[in-house]
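Raw structure.txt, compact mmCIF, N, CA and C atoms:
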# COMPACT_ATOMS: atom_id res chain seq x y z
N MET A 678 -55.41 -69.17 -109.34
CA MET A 678 -56.43 -70.08 -109.77
C MET A 678 -56.76 -71.03 -108.62
N VAL A 679 -57.91 -71.57 -108.69
CA VAL A 679 -58.29 -72.54 -107.68
C VAL A 679 -57.48 -73.80 -107.95
N GLY A 680 -56.73 -74.24 -106.96
CA GLY A 680 -55.85 -75.37 -107.19
C GLY A 680 -54.68 -74.95 -108.07
N THR A 681 -54.01 -75.93 -108.61
CA THR A 681 -52.88 -75.66 -109.49
C THR A 681 -53.18 -76.22 -110.86
N SER A 682 -53.03 -75.40 -111.88
CA SER A 682 -53.20 -75.85 -113.26
C SER A 682 -51.85 -75.76 -113.96
N THR A 683 -51.48 -76.82 -114.64
CA THR A 683 -50.23 -76.86 -115.36
C THR A 683 -50.51 -77.27 -116.79
N TYR A 684 -49.90 -76.55 -117.73
CA TYR A 684 -50.10 -76.83 -119.15
C TYR A 684 -48.75 -77.16 -119.75
N TRP A 685 -48.68 -78.25 -120.50
CA TRP A 685 -47.42 -78.76 -121.03
C TRP A 685 -47.27 -78.57 -122.53
N SER A 686 -48.25 -78.03 -123.20
CA SER A 686 -48.15 -77.88 -124.65
C SER A 686 -48.45 -76.45 -125.07
N TYR A 687 -47.86 -76.05 -126.20
CA TYR A 687 -48.14 -74.73 -126.76
C TYR A 687 -49.54 -74.71 -127.34
N GLY A 688 -50.10 -73.51 -127.46
CA GLY A 688 -51.43 -73.34 -128.02
C GLY A 688 -52.42 -72.86 -126.97
N ALA A 689 -53.70 -72.96 -127.30
CA ALA A 689 -54.76 -72.46 -126.42
C ALA A 689 -55.27 -73.56 -125.49
N HIS A 690 -55.58 -73.15 -124.26
CA HIS A 690 -56.14 -74.04 -123.26
C HIS A 690 -57.34 -73.34 -122.64
N ASN A 691 -58.54 -73.91 -122.81
CA ASN A 691 -59.76 -73.31 -122.28
C ASN A 691 -59.85 -73.54 -120.77
N LEU A 692 -60.40 -72.55 -120.08
CA LEU A 692 -60.56 -72.61 -118.63
C LEU A 692 -62.04 -72.68 -118.28
N SER A 693 -62.33 -73.15 -117.08
CA SER A 693 -63.71 -73.09 -116.57
C SER A 693 -63.65 -72.99 -115.05
N GLY A 694 -64.60 -72.27 -114.49
CA GLY A 694 -64.69 -72.15 -113.05
C GLY A 694 -63.61 -71.32 -112.40
N GLN A 695 -62.97 -70.43 -113.15
CA GLN A 695 -61.92 -69.58 -112.59
C GLN A 695 -62.48 -68.17 -112.40
N TYR A 696 -62.69 -67.78 -111.14
CA TYR A 696 -63.29 -66.49 -110.83
C TYR A 696 -62.48 -65.78 -109.75
N GLY A 697 -62.54 -64.46 -109.76
CA GLY A 697 -61.88 -63.68 -108.72
C GLY A 697 -60.38 -63.54 -108.96
N TRP A 698 -59.72 -63.00 -107.94
CA TRP A 698 -58.30 -62.67 -108.03
C TRP A 698 -57.43 -63.85 -107.61
N HIS A 699 -56.42 -64.13 -108.45
CA HIS A 699 -55.50 -65.24 -108.20
C HIS A 699 -54.09 -64.87 -108.66
N TRP A 700 -53.11 -65.50 -108.06
CA TRP A 700 -51.74 -65.40 -108.56
C TRP A 700 -51.61 -66.34 -109.74
N VAL A 701 -51.06 -65.83 -110.84
CA VAL A 701 -50.82 -66.63 -112.04
C VAL A 701 -49.37 -66.43 -112.42
N CYS A 702 -48.65 -67.53 -112.64
CA CYS A 702 -47.23 -67.45 -112.95
C CYS A 702 -46.94 -68.15 -114.27
N ASN A 703 -46.14 -67.51 -115.09
CA ASN A 703 -45.68 -68.11 -116.33
C ASN A 703 -44.32 -68.74 -116.06
N ASN A 704 -44.26 -70.06 -115.95
CA ASN A 704 -43.01 -70.78 -115.70
C ASN A 704 -42.39 -71.33 -116.96
N GLN A 705 -42.78 -70.82 -118.11
CA GLN A 705 -42.22 -71.28 -119.38
C GLN A 705 -40.73 -70.96 -119.44
N THR A 706 -39.99 -71.78 -120.16
CA THR A 706 -38.56 -71.55 -120.32
C THR A 706 -38.26 -71.16 -121.76
N GLY A 707 -37.06 -70.69 -122.00
CA GLY A 707 -36.64 -70.36 -123.35
C GLY A 707 -37.32 -69.14 -123.92
N GLY A 708 -37.85 -68.27 -123.06
CA GLY A 708 -38.47 -67.03 -123.54
C GLY A 708 -39.91 -67.16 -123.97
N ALA A 709 -40.53 -68.32 -123.75
CA ALA A 709 -41.93 -68.51 -124.16
C ALA A 709 -42.84 -67.61 -123.32
N HIS A 710 -43.90 -67.13 -123.94
CA HIS A 710 -44.86 -66.26 -123.26
C HIS A 710 -46.18 -66.97 -123.09
N ALA A 711 -46.96 -66.52 -122.12
CA ALA A 711 -48.34 -66.96 -121.92
C ALA A 711 -49.22 -65.73 -122.07
N HIS A 712 -50.42 -65.93 -122.56
CA HIS A 712 -51.39 -64.85 -122.71
C HIS A 712 -52.71 -65.26 -122.07
N LEU A 713 -53.32 -64.35 -121.35
CA LEU A 713 -54.66 -64.57 -120.80
C LEU A 713 -55.66 -63.99 -121.79
N CYS A 714 -56.69 -64.77 -122.11
CA CYS A 714 -57.62 -64.40 -123.17
C CYS A 714 -59.05 -64.34 -122.66
N LYS A 715 -59.80 -63.36 -123.14
CA LYS A 715 -61.20 -63.21 -122.74
C LYS A 715 -62.12 -64.19 -123.46
N GLY A 716 -61.72 -64.65 -124.63
CA GLY A 716 -62.52 -65.61 -125.39
C GLY A 716 -61.96 -67.02 -125.26
N TYR A 717 -62.78 -67.99 -125.59
CA TYR A 717 -62.33 -69.38 -125.62
C TYR A 717 -61.42 -69.60 -126.83
N ASN A 718 -60.61 -70.64 -126.77
CA ASN A 718 -59.72 -71.04 -127.87
C ASN A 718 -58.69 -69.98 -128.22
N GLY A 719 -58.27 -69.18 -127.23
CA GLY A 719 -57.20 -68.22 -127.44
C GLY A 719 -57.61 -66.98 -128.23
N VAL A 720 -58.86 -66.53 -128.08
CA VAL A 720 -59.36 -65.35 -128.78
C VAL A 720 -59.40 -64.16 -127.83
N ASN A 721 -59.07 -62.97 -128.34
CA ASN A 721 -59.09 -61.71 -127.58
C ASN A 721 -58.10 -61.77 -126.41
N CYS A 722 -56.84 -62.05 -126.75
CA CYS A 722 -55.77 -62.18 -125.75
C CYS A 722 -55.08 -60.83 -125.59
N ASP A 723 -55.38 -60.15 -124.51
CA ASP A 723 -54.79 -58.82 -124.33
C ASP A 723 -53.89 -58.72 -123.11
N PHE A 724 -53.56 -59.84 -122.46
CA PHE A 724 -52.70 -59.81 -121.28
C PHE A 724 -51.51 -60.73 -121.53
N ASP A 725 -50.35 -60.15 -121.80
CA ASP A 725 -49.12 -60.89 -122.08
C ASP A 725 -48.36 -61.12 -120.79
N MET A 726 -48.03 -62.38 -120.51
CA MET A 726 -47.30 -62.73 -119.29
C MET A 726 -45.87 -63.13 -119.65
N ALA A 727 -44.91 -62.31 -119.27
CA ALA A 727 -43.50 -62.62 -119.53
C ALA A 727 -43.09 -63.84 -118.71
N PRO A 728 -42.09 -64.60 -119.19
CA PRO A 728 -41.64 -65.78 -118.45
C PRO A 728 -41.01 -65.42 -117.11
N GLY A 729 -41.26 -66.28 -116.11
CA GLY A 729 -40.65 -66.11 -114.80
C GLY A 729 -41.26 -65.04 -113.93
N VAL A 730 -42.44 -64.55 -114.28
CA VAL A 730 -43.09 -63.48 -113.53
C VAL A 730 -44.45 -63.95 -113.05
N ALA A 731 -44.80 -63.62 -111.80
CA ALA A 731 -46.12 -63.91 -111.25
C ALA A 731 -46.96 -62.64 -111.29
N TYR A 732 -48.24 -62.79 -111.61
CA TYR A 732 -49.16 -61.66 -111.72
C TYR A 732 -50.37 -61.90 -110.84
N TRP A 733 -50.88 -60.85 -110.21
CA TRP A 733 -52.12 -60.87 -109.44
C TRP A 733 -53.22 -60.47 -110.41
N VAL A 734 -54.09 -61.41 -110.79
CA VAL A 734 -55.01 -61.21 -111.91
C VAL A 734 -56.43 -61.54 -111.51
N ASP A 735 -57.38 -60.71 -111.98
CA ASP A 735 -58.80 -61.04 -111.85
C ASP A 735 -59.13 -62.03 -112.97
N MET A 736 -59.36 -63.27 -112.62
CA MET A 736 -59.61 -64.32 -113.61
C MET A 736 -61.05 -64.38 -114.10
N THR A 737 -61.94 -63.56 -113.53
CA THR A 737 -63.35 -63.61 -113.90
C THR A 737 -63.58 -63.45 -115.41
N PRO A 738 -62.93 -62.47 -116.08
CA PRO A 738 -63.19 -62.34 -117.52
C PRO A 738 -62.33 -63.26 -118.39
N VAL A 739 -61.45 -64.06 -117.79
CA VAL A 739 -60.52 -64.90 -118.56
C VAL A 739 -61.16 -66.26 -118.85
N ASN A 740 -61.19 -66.64 -120.15
CA ASN A 740 -61.78 -67.91 -120.55
C ASN A 740 -60.78 -68.88 -121.16
N SER A 741 -59.57 -68.41 -121.47
CA SER A 741 -58.54 -69.32 -121.98
C SER A 741 -57.17 -68.71 -121.75
N ILE A 742 -56.16 -69.57 -121.88
CA ILE A 742 -54.78 -69.15 -121.76
C ILE A 742 -54.02 -69.75 -122.94
N THR A 743 -53.08 -69.00 -123.51
CA THR A 743 -52.25 -69.55 -124.58
C THR A 743 -50.81 -69.61 -124.13
N LEU A 744 -50.09 -70.60 -124.60
CA LEU A 744 -48.65 -70.70 -124.41
C LEU A 744 -48.04 -70.57 -125.79
N ASP A 745 -47.12 -69.62 -125.92
CA ASP A 745 -46.59 -69.29 -127.25
C ASP A 745 -45.07 -69.38 -127.28
N ARG A 746 -44.55 -69.99 -128.34
CA ARG A 746 -43.11 -70.06 -128.55
C ARG A 746 -42.56 -68.68 -128.83
N PRO A 747 -41.32 -68.45 -128.45
CA PRO A 747 -40.70 -67.13 -128.74
C PRO A 747 -40.47 -66.95 -130.24
Can you give me the file's structure in the form of structure tokens?
Amino acid sequence: MVGTSTYWSYGAHNLSGQYGWHWVCNNQTGGAHAHLCKGYNGVNCDFDMAPGVAYWVDMTPVNSITLDRP
């Protein structure tokens, strides 16, 4: 992502201005997962990010990210 974005709460977080390929890392602890979603407000989430793993992702179709408790 352009710059660094950090999210501290569970649930959906809408994105804007994120285009092209970026490294995205899920630094959640306790087994929490993050999902990249094509819709706003955590809709159409088809990319599950396991904790502690960095992914090279095309952010162009991504409009939100969710943080989910295990």
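Using only N, CA and C atoms, the nearest neighbour of A:Tyr717 within the list A:Ser686, A:Thr737, A:Asn704, A:Asn691 is A:Asn691.
Restricting the calculation to all atoms listed in the file, the smallest distance between A:Tyr696 and any of A:Arg746, A:Asn718, A:Met736, A:Ser741 is found for A:Met736.
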Task: For atom CA of A:Ala689 and atom CA of A:His710, the interatomic separation in Å (one decimal) - done: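 Result for atom CA of A:Ala689 versus atom CA of A:His710: 12.1 Å, one decimal.
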Task: atom CA of A:Ser693 to atom C of A:Cys714, distance in Å rounded to a single decimal - done: 11.6 Å
Task: Contacts of A:Ala711 within 8 Å, only N, CA and C atoms, excl. fewer than 6 positions in-chain, as a list in words - done: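 My reading of the contact set: Cys702, Asn703, Asn704, Gln705, Phe724, Asp725, Met726, Ala727, Pro728, Ile742, Thr743, Leu744, Asp745 and Arg746 of chain A.
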Task: A:Val734 surroundings by only N, CA and C atoms, 7 Å radius, close-in-sequence under 2 positions cut, as a VMD selection string - done: chain A and resid 697 to 701 732 736 to 737
TODO: Quick one: pull the distance between atom CA of A:Ala731 and atom CA of A:Gly716, Å, one decimal.
DONE: 21.7 Å
- [ ] Check the DSSP output for the backbone and give back, as a PyMOL selection string, the residues of chain A in strand (DSSP E).
- [x] chain A and resi 688-691+698-702+710-714+722-726+731-735+741-745
Open item on the list: Please determine, counting all atoms listed in the file, which residue among A:Pro747, A:Gly708, A:Gly729, A:Pro738 has the shortest atom-to-atom distance to A:Gln695.
Closed with: A:Pro738
So that all listed atoms of stretch 688-695 of chain A fit with 3 Å spare on each side, what axis-aligned box centre and edge lengths in Å, to one decimal, would you give as JSON?
{"center_x": -57.4, "center_y": -71.1, "center_z": -120.2, "size_x": 20.6, "size_y": 11.9, "size_z": 21.6}
- [ ] Considering only C-alpha atoms, return as a list of chain:residue names whatever protein or nucleic-acid residues lie within 7 Å of A:Cys722, sequence-local ones (same chain, fewer than 5 positions apart) excluded.
- [x]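 My reading of the contact set: A:His712, A:Leu713, A:Cys714, A:Lys715.
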